[in-house]
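Reproduced below: query00.cif, with mmCIF, C-alpha atoms.
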data_data
loop_
_atom_site.group_PDB
_atom_site.id
_atom_site.type_symbol
_atom_site.label_atom_id
_atom_site.label_comp_id
_atom_site.auth_asym_id
_atom_site.auth_seq_id
_atom_site.Cartn_x
_atom_site.Cartn_y
_atom_site.Cartn_z
ATOM 1 C CA MET A 1 6.963 62.855 -4.102
ATOM 2 C CA ARG A 2 10.345 61.247 -4.665
ATOM 3 C CA PRO A 3 10.432 57.455 -5.016
ATOM 4 C CA SER A 4 12.741 56.950 -2.018
ATOM 5 C CA LEU A 5 10.479 59.088 0.176
ATOM 6 C CA ALA A 6 7.409 57.192 -1.050
ATOM 7 C CA ILE A 7 9.074 53.842 -0.257
ATOM 8 C CA SER A 8 10.081 55.072 3.207
ATOM 9 C CA PHE A 9 6.547 56.322 3.864
ATOM 10 C CA PHE A 10 5.099 52.979 2.722
ATOM 11 C CA PHE A 11 7.514 51.064 4.993
ATOM 12 C CA VAL A 12 6.505 53.198 8.010
ATOM 13 C CA LEU A 13 2.805 52.550 7.260
ATOM 14 C CA VAL A 14 3.385 48.805 7.010
ATOM 15 C CA VAL A 15 5.393 48.609 10.249
ATOM 16 C CA ALA A 16 3.034 50.917 12.153
ATOM 17 C CA GLY A 17 -0.036 49.081 10.844
ATOM 18 C CA CYS A 18 1.258 45.597 11.650
ATOM 19 C CA ASP A 19 -0.808 43.980 14.385
ATOM 20 C CA ARG A 20 0.504 40.457 14.776
ATOM 21 C CA GLY A 21 -0.650 40.169 18.374
ATOM 22 C CA ILE A 22 2.878 39.840 19.725
ATOM 23 C CA GLU A 23 2.845 40.107 23.469
ATOM 24 C CA PRO A 24 5.821 40.636 25.748
ATOM 25 C CA PHE A 25 7.667 37.567 27.015
ATOM 26 C CA ASP A 26 6.143 36.127 30.184
ATOM 27 C CA PRO A 27 8.632 33.872 32.038
ATOM 28 C CA ASN A 28 5.780 32.388 34.142
ATOM 29 C CA GLU A 29 3.652 31.325 31.160
ATOM 30 C CA GLN A 30 2.909 27.579 31.099
ATOM 31 C CA VAL A 31 3.779 25.816 27.845
ATOM 32 C CA GLU A 32 1.035 23.524 26.541
ATOM 33 C CA ALA A 33 1.183 21.002 23.723
ATOM 34 C CA PRO A 34 -1.143 21.816 20.803
ATOM 35 C CA ASP A 35 -4.290 19.736 20.295
ATOM 36 C CA LEU A 36 -3.538 17.709 17.163
ATOM 37 C CA SER A 37 -6.615 15.474 17.361
ATOM 38 C CA LYS A 38 -8.315 17.401 14.547
ATOM 39 C CA ILE A 39 -5.344 16.863 12.230
ATOM 40 C CA PHE A 40 -4.202 13.343 13.046
ATOM 41 C CA PRO A 41 -6.543 10.405 13.696
ATOM 42 C CA LYS A 42 -6.467 8.385 16.888
ATOM 43 C CA GLY A 43 -3.244 6.373 17.160
ATOM 44 C CA ALA A 44 -0.960 8.776 15.285
ATOM 45 C CA GLN A 45 0.940 9.574 18.463
ATOM 46 C CA VAL A 46 1.645 5.914 19.273
ATOM 47 C CA VAL A 47 5.343 6.044 18.389
ATOM 48 C CA ALA A 48 6.047 9.360 20.107
ATOM 49 C CA ASP A 49 4.243 8.217 23.263
ATOM 50 C CA ARG A 50 6.140 4.909 23.265
ATOM 51 C CA GLU A 51 9.496 6.685 22.922
ATOM 52 C CA ARG A 52 8.636 9.058 25.777
ATOM 53 C CA ALA A 53 7.644 6.068 27.967
ATOM 54 C CA GLU A 54 10.997 4.461 27.231
ATOM 55 C CA GLY A 55 12.741 7.555 28.562
ATOM 56 C CA GLY A 56 13.741 9.244 25.335
ATOM 57 C CA ALA A 57 12.401 12.095 23.323
ATOM 58 C CA PRO A 58 10.815 11.398 19.952
ATOM 59 C CA SER A 59 13.321 11.298 17.124
ATOM 60 C CA PRO A 60 13.120 14.491 15.091
ATOM 61 C CA ALA A 61 11.870 13.714 11.599
ATOM 62 C CA GLY A 62 14.479 14.722 9.094
ATOM 63 C CA GLY A 63 17.036 15.511 11.808
ATOM 64 C CA ARG A 64 20.693 15.088 10.886
ATOM 65 C CA GLY A 65 21.534 11.406 11.207
ATOM 66 C CA ALA A 66 18.210 10.581 12.880
ATOM 67 C CA PRO A 67 15.815 8.181 11.183
ATOM 68 C CA PRO A 68 12.279 9.474 10.629
ATOM 69 C CA VAL A 69 9.600 8.434 13.097
ATOM 70 C CA VAL A 70 7.637 5.518 11.645
ATOM 71 C CA ALA A 71 4.448 4.356 13.280
ATOM 72 C CA ASP A 72 3.197 0.796 13.623
ATOM 73 C CA ALA A 73 2.072 -0.703 10.356
ATOM 74 C CA GLY A 74 -0.406 -3.470 9.650
ATOM 75 C CA GLU A 75 -0.524 -5.852 6.708
ATOM 76 C CA PRO A 76 -1.696 -4.626 3.271
ATOM 77 C CA ILE A 77 -5.335 -4.893 2.255
ATOM 78 C CA ARG A 78 -5.922 -6.862 -0.959
ATOM 79 C CA GLY A 79 -8.895 -7.029 -3.235
ATOM 80 C CA THR A 80 -10.473 -6.126 -6.547
ATOM 81 C CA LEU A 81 -11.848 -2.910 -8.004
ATOM 82 C CA GLU A 82 -14.890 -3.552 -10.175
ATOM 83 C CA LEU A 83 -16.719 -1.215 -12.523
ATOM 84 C CA ALA A 84 -20.525 -1.329 -12.554
ATOM 85 C CA THR A 85 -21.867 -2.599 -15.881
ATOM 86 C CA GLU A 86 -23.854 0.628 -16.431
ATOM 87 C CA LEU A 87 -20.574 2.607 -16.312
ATOM 88 C CA GLU A 88 -18.639 0.450 -18.788
ATOM 89 C CA GLY A 89 -17.268 2.588 -21.587
ATOM 90 C CA GLN A 90 -17.549 5.739 -19.439
ATOM 91 C CA VAL A 91 -14.065 5.638 -17.873
ATOM 92 C CA PRO A 92 -12.502 8.970 -18.909
ATOM 93 C CA ARG A 93 -9.645 8.637 -21.394
ATOM 94 C CA GLY A 94 -6.401 9.424 -19.551
ATOM 95 C CA GLY A 95 -8.238 9.152 -16.225
ATOM 96 C CA VAL A 96 -6.422 8.557 -12.963
ATOM 97 C CA LEU A 97 -7.694 6.183 -10.291
ATOM 98 C CA PHE A 98 -7.232 7.276 -6.675
ATOM 99 C CA LEU A 99 -7.583 4.469 -4.135
ATOM 100 C CA VAL A 100 -7.853 5.944 -0.633
ATOM 101 C CA ALA A 101 -7.791 4.352 2.831
ATOM 102 C CA LYS A 102 -9.129 6.625 5.588
ATOM 103 C CA SER A 103 -9.891 6.282 9.256
ATOM 104 C CA PRO A 104 -13.621 6.397 10.089
ATOM 105 C CA ALA A 105 -12.659 8.942 12.778
ATOM 106 C CA GLY A 106 -11.612 11.417 10.058
ATOM 107 C CA GLY A 107 -8.334 13.190 9.493
ATOM 108 C CA PRO A 108 -6.027 12.971 6.515
ATOM 109 C CA PRO A 109 -5.971 9.855 4.326
ATOM 110 C CA VAL A 110 -3.968 7.053 5.893
ATOM 111 C CA ALA A 111 -2.842 5.662 2.528
ATOM 112 C CA VAL A 112 -3.356 6.547 -1.126
ATOM 113 C CA GLN A 113 -2.538 4.880 -4.427
ATOM 114 C CA ARG A 114 -2.596 6.567 -7.826
ATOM 115 C CA VAL A 115 -3.124 4.397 -10.918
ATOM 116 C CA LEU A 116 -2.815 5.923 -14.391
ATOM 117 C CA GLU A 117 -5.385 4.835 -16.986
ATOM 118 C CA PRO A 118 -6.899 1.938 -15.024
ATOM 119 C CA SER A 119 -8.687 -0.989 -16.651
ATOM 120 C CA PHE A 120 -11.292 -3.034 -14.808
ATOM 121 C CA PRO A 121 -11.485 -5.382 -13.020
ATOM 122 C CA LEU A 122 -8.297 -4.297 -11.264
ATOM 123 C CA ASP A 123 -6.580 -6.206 -8.461
ATOM 124 C CA PHE A 124 -5.210 -3.912 -5.743
ATOM 125 C CA GLU A 125 -3.017 -3.990 -2.679
ATOM 126 C CA ILE A 126 -2.840 -0.941 -0.421
ATOM 127 C CA GLY A 127 -0.743 -0.968 2.697
ATOM 128 C CA PRO A 128 1.829 0.714 4.932
ATOM 129 C CA ASP A 129 4.087 1.547 1.975
ATOM 130 C CA ASP A 130 1.294 3.746 0.561
ATOM 131 C CA ARG A 131 0.890 5.894 3.691
ATOM 132 C CA MET A 132 0.679 9.651 3.161
ATOM 133 C CA ILE A 133 2.259 10.479 6.530
ATOM 134 C CA GLN A 134 4.648 7.848 7.861
ATOM 135 C CA ALA A 135 3.812 8.729 11.487
ATOM 136 C CA ILE A 136 0.184 7.670 10.984
ATOM 137 C CA PRO A 137 -0.123 3.941 11.695
ATOM 138 C CA PHE A 138 -1.735 1.657 9.138
ATOM 139 C CA VAL A 139 -4.271 0.227 11.585
ATOM 140 C CA GLY A 140 -7.970 -0.387 11.192
ATOM 141 C CA PRO A 141 -10.703 -0.206 10.692
ATOM 142 C CA LEU A 142 -10.196 1.647 7.399
ATOM 143 C CA LEU A 143 -12.705 2.994 4.894
ATOM 144 C CA LEU A 144 -11.694 2.252 1.298
ATOM 145 C CA THR A 145 -12.868 4.501 -1.532
ATOM 146 C CA ALA A 146 -11.933 4.739 -5.193
ATOM 147 C CA ARG A 147 -12.410 7.530 -7.709
ATOM 148 C CA VAL A 148 -11.512 7.728 -11.380
ATOM 149 C CA ASP A 149 -10.682 11.375 -11.943
ATOM 150 C CA ALA A 150 -10.724 12.776 -15.489
ATOM 151 C CA ASP A 151 -8.244 15.625 -14.862
ATOM 152 C CA GLY A 152 -5.861 13.655 -12.600
ATOM 153 C CA ASN A 153 -6.193 16.159 -9.750
ATOM 154 C CA ALA A 154 -7.020 14.367 -6.489
ATOM 155 C CA SER A 155 -8.581 17.463 -4.934
ATOM 156 C CA SER A 156 -11.044 18.173 -7.753
ATOM 157 C CA ARG A 157 -14.364 16.461 -8.248
ATOM 158 C CA GLU A 158 -15.786 17.105 -11.682
ATOM 159 C CA PRO A 159 -18.941 15.905 -13.406
ATOM 160 C CA GLY A 160 -18.120 12.651 -15.165
ATOM 161 C CA ASP A 161 -15.703 11.375 -12.503
ATOM 162 C CA LEU A 162 -16.523 7.852 -11.325
ATOM 163 C CA ALA A 163 -16.554 6.794 -7.659
ATOM 164 C CA GLY A 164 -17.229 3.874 -5.374
ATOM 165 C CA ALA A 165 -16.444 2.412 -1.959
ATOM 166 C CA ALA A 166 -16.071 -0.861 -0.123
ATOM 167 C CA ALA A 167 -19.316 -1.975 1.511
ATOM 168 C CA ALA A 168 -17.888 -1.699 5.047
ATOM 169 C CA PRO A 169 -14.685 -0.673 6.847
ATOM 170 C CA VAL A 170 -11.937 -3.298 6.704
ATOM 171 C CA GLU A 171 -8.983 -4.271 8.864
ATOM 172 C CA PRO A 172 -5.386 -4.372 7.617
ATOM 173 C CA GLY A 173 -4.549 -7.834 6.312
ATOM 174 C CA ALA A 174 -8.021 -8.294 4.830
ATOM 175 C CA THR A 175 -8.187 -10.121 1.505
ATOM 176 C CA GLY A 176 -10.931 -10.503 -1.071
ATOM 177 C CA VAL A 177 -12.159 -6.930 -0.520
ATOM 178 C CA THR A 178 -14.362 -5.665 -3.354
ATOM 179 C CA ILE A 179 -14.685 -1.999 -4.207
ATOM 180 C CA ARG A 180 -17.450 -1.392 -6.734
ATOM 181 C CA ILE A 181 -17.220 1.824 -8.738
ATOM 182 C CA ASP A 182 -20.913 2.475 -9.307
ATOM 183 C CA GLU A 183 -21.423 6.238 -9.150
ATOM 184 C CA LYS A 184 -20.954 8.904 -11.798
ATOM 185 C CA LEU A 185 -20.505 12.388 -10.370
#

Can you turn what I pasted into structure tokens?
Amino acid sequence: MRPSLAISFFFVLVVAGCDRGIEPFDPNEQVEAPDLSKIFPKGAQVVADRERAEGGAPSPAGGRGAPPVVADAGEPIRGTLELATELEGQVPRGGVLFLVAKSPAGGPPVAVQRVLEPSFPLDFEIGPDDRMIQAIPFVGPLLLTARVDADGNASSREPGDLAGAAAAPVEPGATGVTIRIDEKL
């Protein structure tokens, strides 16, 4: 079989075998907004809802000349990261500390800080400037966790990584928060 005939045959198979579930246009179909509650925690739509109430549409993020949508932001949370005495000397060389603030309701992290080769005790401040998604408001309560990761990859959890959390959720503006790293994975 000639190469051009083989390529043509392959193309016909791909097009004929494509089942993307495309249905014909229905002019009477009702448009519904997607349910984003599984992706964004409660309060993420605050800015968009406020703009709609004021009579305007939400500003398109990244639109030409339009500023990005920024949600309400609380005050930073300040405190100290402590290392349990039984874990002293076990901080991985070249390790990276990830300090994460999450909503108890779930969803993506609200704010994250990355600290190269941390030494303990370590004073921290995490706030609106550390948000992962600017449209998510920095409002509480927030769960604070810390992990010293040996390979520097936030998504991996390897044996030997160290972890800890604040004793209870905290509100933005809180001071004197202690996060004790007391677990070795």

(request) Could you tell me which of A:Val31, A:Thr145, A:Arg157, A:Ala101 comes closest to A:Met132 if we count only C-alpha atoms? (result) A:Ala101

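Between atom CA of A:Asp182 and atom CA of A:Ala154 there is a distance of 18.5 Å.
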
(message) Neighbouring residues of A:Val115 were defined as those with any atom within 9 Å, considering all atoms listed in the file; residues of the same chain fewer than 6 positions away were excluded. Please report them as a list in words.
(response) Gly95, Val96, Leu97, Phe98 and Leu99 of chain A

Emit the selected residues as a compact mmCIF listing (two decimals), in the frame of the given file, including C-alpha atoms.
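Result file result_30.txt:
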# COMPACT_ATOMS: atom_id res chain seq x y z
CA GLY A 95 -8.24 9.15 -16.23
CA VAL A 96 -6.42 8.56 -12.96
CA LEU A 97 -7.69 6.18 -10.29
CA PHE A 98 -7.23 7.28 -6.68
CA LEU A 99 -7.58 4.47 -4.14

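Atom pair atom CA of A:Leu162 / atom CA of A:Leu83 has a distance of 9.1 Å (rounded to one decimal).
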
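What the PyMOL selection byres ((chain A and resi 94) around 10) picks from this file is Val91, Pro92, Arg93, Gly95, Val96, Leu97, Leu116, Glu117, Pro118, Val148, Asp149, Ala150, Asp151 and Gly152 of chain A.
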
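Coordinates place atom CA of A:Ala174 at a distance of 6.3 Å from atom CA of A:Arg78.
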
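Neighbouring residues of A:Glu171 at 9 Å or closer, counting all atoms listed in the file and skipping chain neighbours under 6 positions away, are A:Gly74, A:Glu75, A:Ile77, A:Val139, A:Gly140, A:Pro141, A:Leu142.
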
(request) Evaluate the PyMOL selection byres ((chain A and resi 160) around 6) here and jot the selected residues down as a list in words. (result) Pro159, Asp161, Lys184 and Leu185 of chain A

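When only C-alpha atoms are used to compute distances to A:Phe120, the closest of the residues A:Leu81, A:Ala33, A:Ile7, A:Ala167 turns out to be A:Leu81.
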
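The nearest approach to A:Thr175 among the residues A:Glu32, A:Glu125, A:Glu23, A:Asp130, with all atoms listed in the file taken into account, belongs to A:Glu125.
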
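The residue that comes closest to A:Ala105, out of A:Gly164, A:Pro169, A:Pro128, A:Asp123 and on the basis of all atoms listed in the file, is A:Pro169.
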
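Nearest-residue note for A:Gly173: choosing from A:Pro109, A:Phe138, A:Lys102, A:Arg114, the minimum distance belongs to A:Phe138, counting only C-alpha atoms.
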
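Between A:Ala146 and the residues A:Thr178, A:Gln134, A:Thr85, A:Ser8, the shortest atom-to-atom distance, using only C-alpha atoms, involves A:Thr178.
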
Could you pull stretch 149-162 of chain A out of the block above and give me N, CA and C atoms, as a PDB file, in the first residue's frame?
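Written output follows (part.pdb):
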ATOM      1  N   ASP A 149       9.296  18.956  52.182  1.00  0.00           N
ATOM      2  CA  ASP A 149       9.339  17.965  51.118  1.00  0.00           C
ATOM      3  C   ASP A 149      10.777  17.797  50.628  1.00  0.00           C
ATOM      4  N   ALA A 150      11.262  16.566  50.622  1.00  0.00           N
ATOM      5  CA  ALA A 150      12.657  16.301  50.245  1.00  0.00           C
ATOM      6  C   ALA A 150      12.933  16.594  48.776  1.00  0.00           C
ATOM      7  N   ASP A 151      11.971  16.288  47.878  1.00  0.00           N
ATOM      8  CA  ASP A 151      12.239  16.465  46.442  1.00  0.00           C
ATOM      9  C   ASP A 151      11.754  17.818  45.906  1.00  0.00           C
ATOM     10  N   GLY A 152      11.114  18.639  46.742  1.00  0.00           N
ATOM     11  CA  GLY A 152      10.678  19.961  46.313  1.00  0.00           C
ATOM     12  C   GLY A 152       9.432  19.973  45.456  1.00  0.00           C
ATOM     13  N   ASN A 153       8.795  18.830  45.283  1.00  0.00           N
ATOM     14  CA  ASN A 153       7.586  18.719  44.470  1.00  0.00           C
ATOM     15  C   ASN A 153       6.381  18.736  45.407  1.00  0.00           C
ATOM     16  N   ALA A 154       5.559  19.765  45.304  1.00  0.00           N
ATOM     17  CA  ALA A 154       4.418  19.925  46.214  1.00  0.00           C
ATOM     18  C   ALA A 154       3.409  18.797  46.099  1.00  0.00           C
ATOM     19  N   SER A 155       3.322  18.152  44.951  1.00  0.00           N
ATOM     20  CA  SER A 155       2.298  17.123  44.769  1.00  0.00           C
ATOM     21  C   SER A 155       2.760  15.739  45.209  1.00  0.00           C
ATOM     22  N   SER A 156       4.039  15.571  45.506  1.00  0.00           N
ATOM     23  CA  SER A 156       4.510  14.251  45.941  1.00  0.00           C
ATOM     24  C   SER A 156       4.586  14.191  47.457  1.00  0.00           C
ATOM     25  N   ARG A 157       4.384  13.019  47.970  1.00  0.00           N
ATOM     26  CA  ARG A 157       4.528  12.769  49.406  1.00  0.00           C
ATOM     27  C   ARG A 157       5.351  11.501  49.534  1.00  0.00           C
ATOM     28  N   GLU A 158       6.599  11.688  49.936  1.00  0.00           N
ATOM     29  CA  GLU A 158       7.547  10.585  49.990  1.00  0.00           C
ATOM     30  C   GLU A 158       7.881  10.233  51.434  1.00  0.00           C
ATOM     31  N   PRO A 159       8.266   8.988  51.680  1.00  0.00           N
ATOM     32  CA  PRO A 159       8.746   8.642  53.016  1.00  0.00           C
ATOM     33  C   PRO A 159       9.923   9.548  53.395  1.00  0.00           C
ATOM     34  N   GLY A 160       9.902  10.043  54.606  1.00  0.00           N
ATOM     35  CA  GLY A 160      10.941  10.951  55.067  1.00  0.00           C
ATOM     36  C   GLY A 160      10.513  12.406  55.058  1.00  0.00           C
ATOM     37  N   ASP A 161       9.449  12.755  54.324  1.00  0.00           N
ATOM     38  CA  ASP A 161       8.927  14.115  54.365  1.00  0.00           C
ATOM     39  C   ASP A 161       8.381  14.374  55.769  1.00  0.00           C
ATOM     40  N   LEU A 162       8.442  15.615  56.210  1.00  0.00           N
ATOM     41  CA  LEU A 162       7.966  15.992  57.532  1.00  0.00           C
ATOM     42  C   LEU A 162       6.716  16.850  57.390  1.00  0.00           C
TER      43      LEU A 162
END
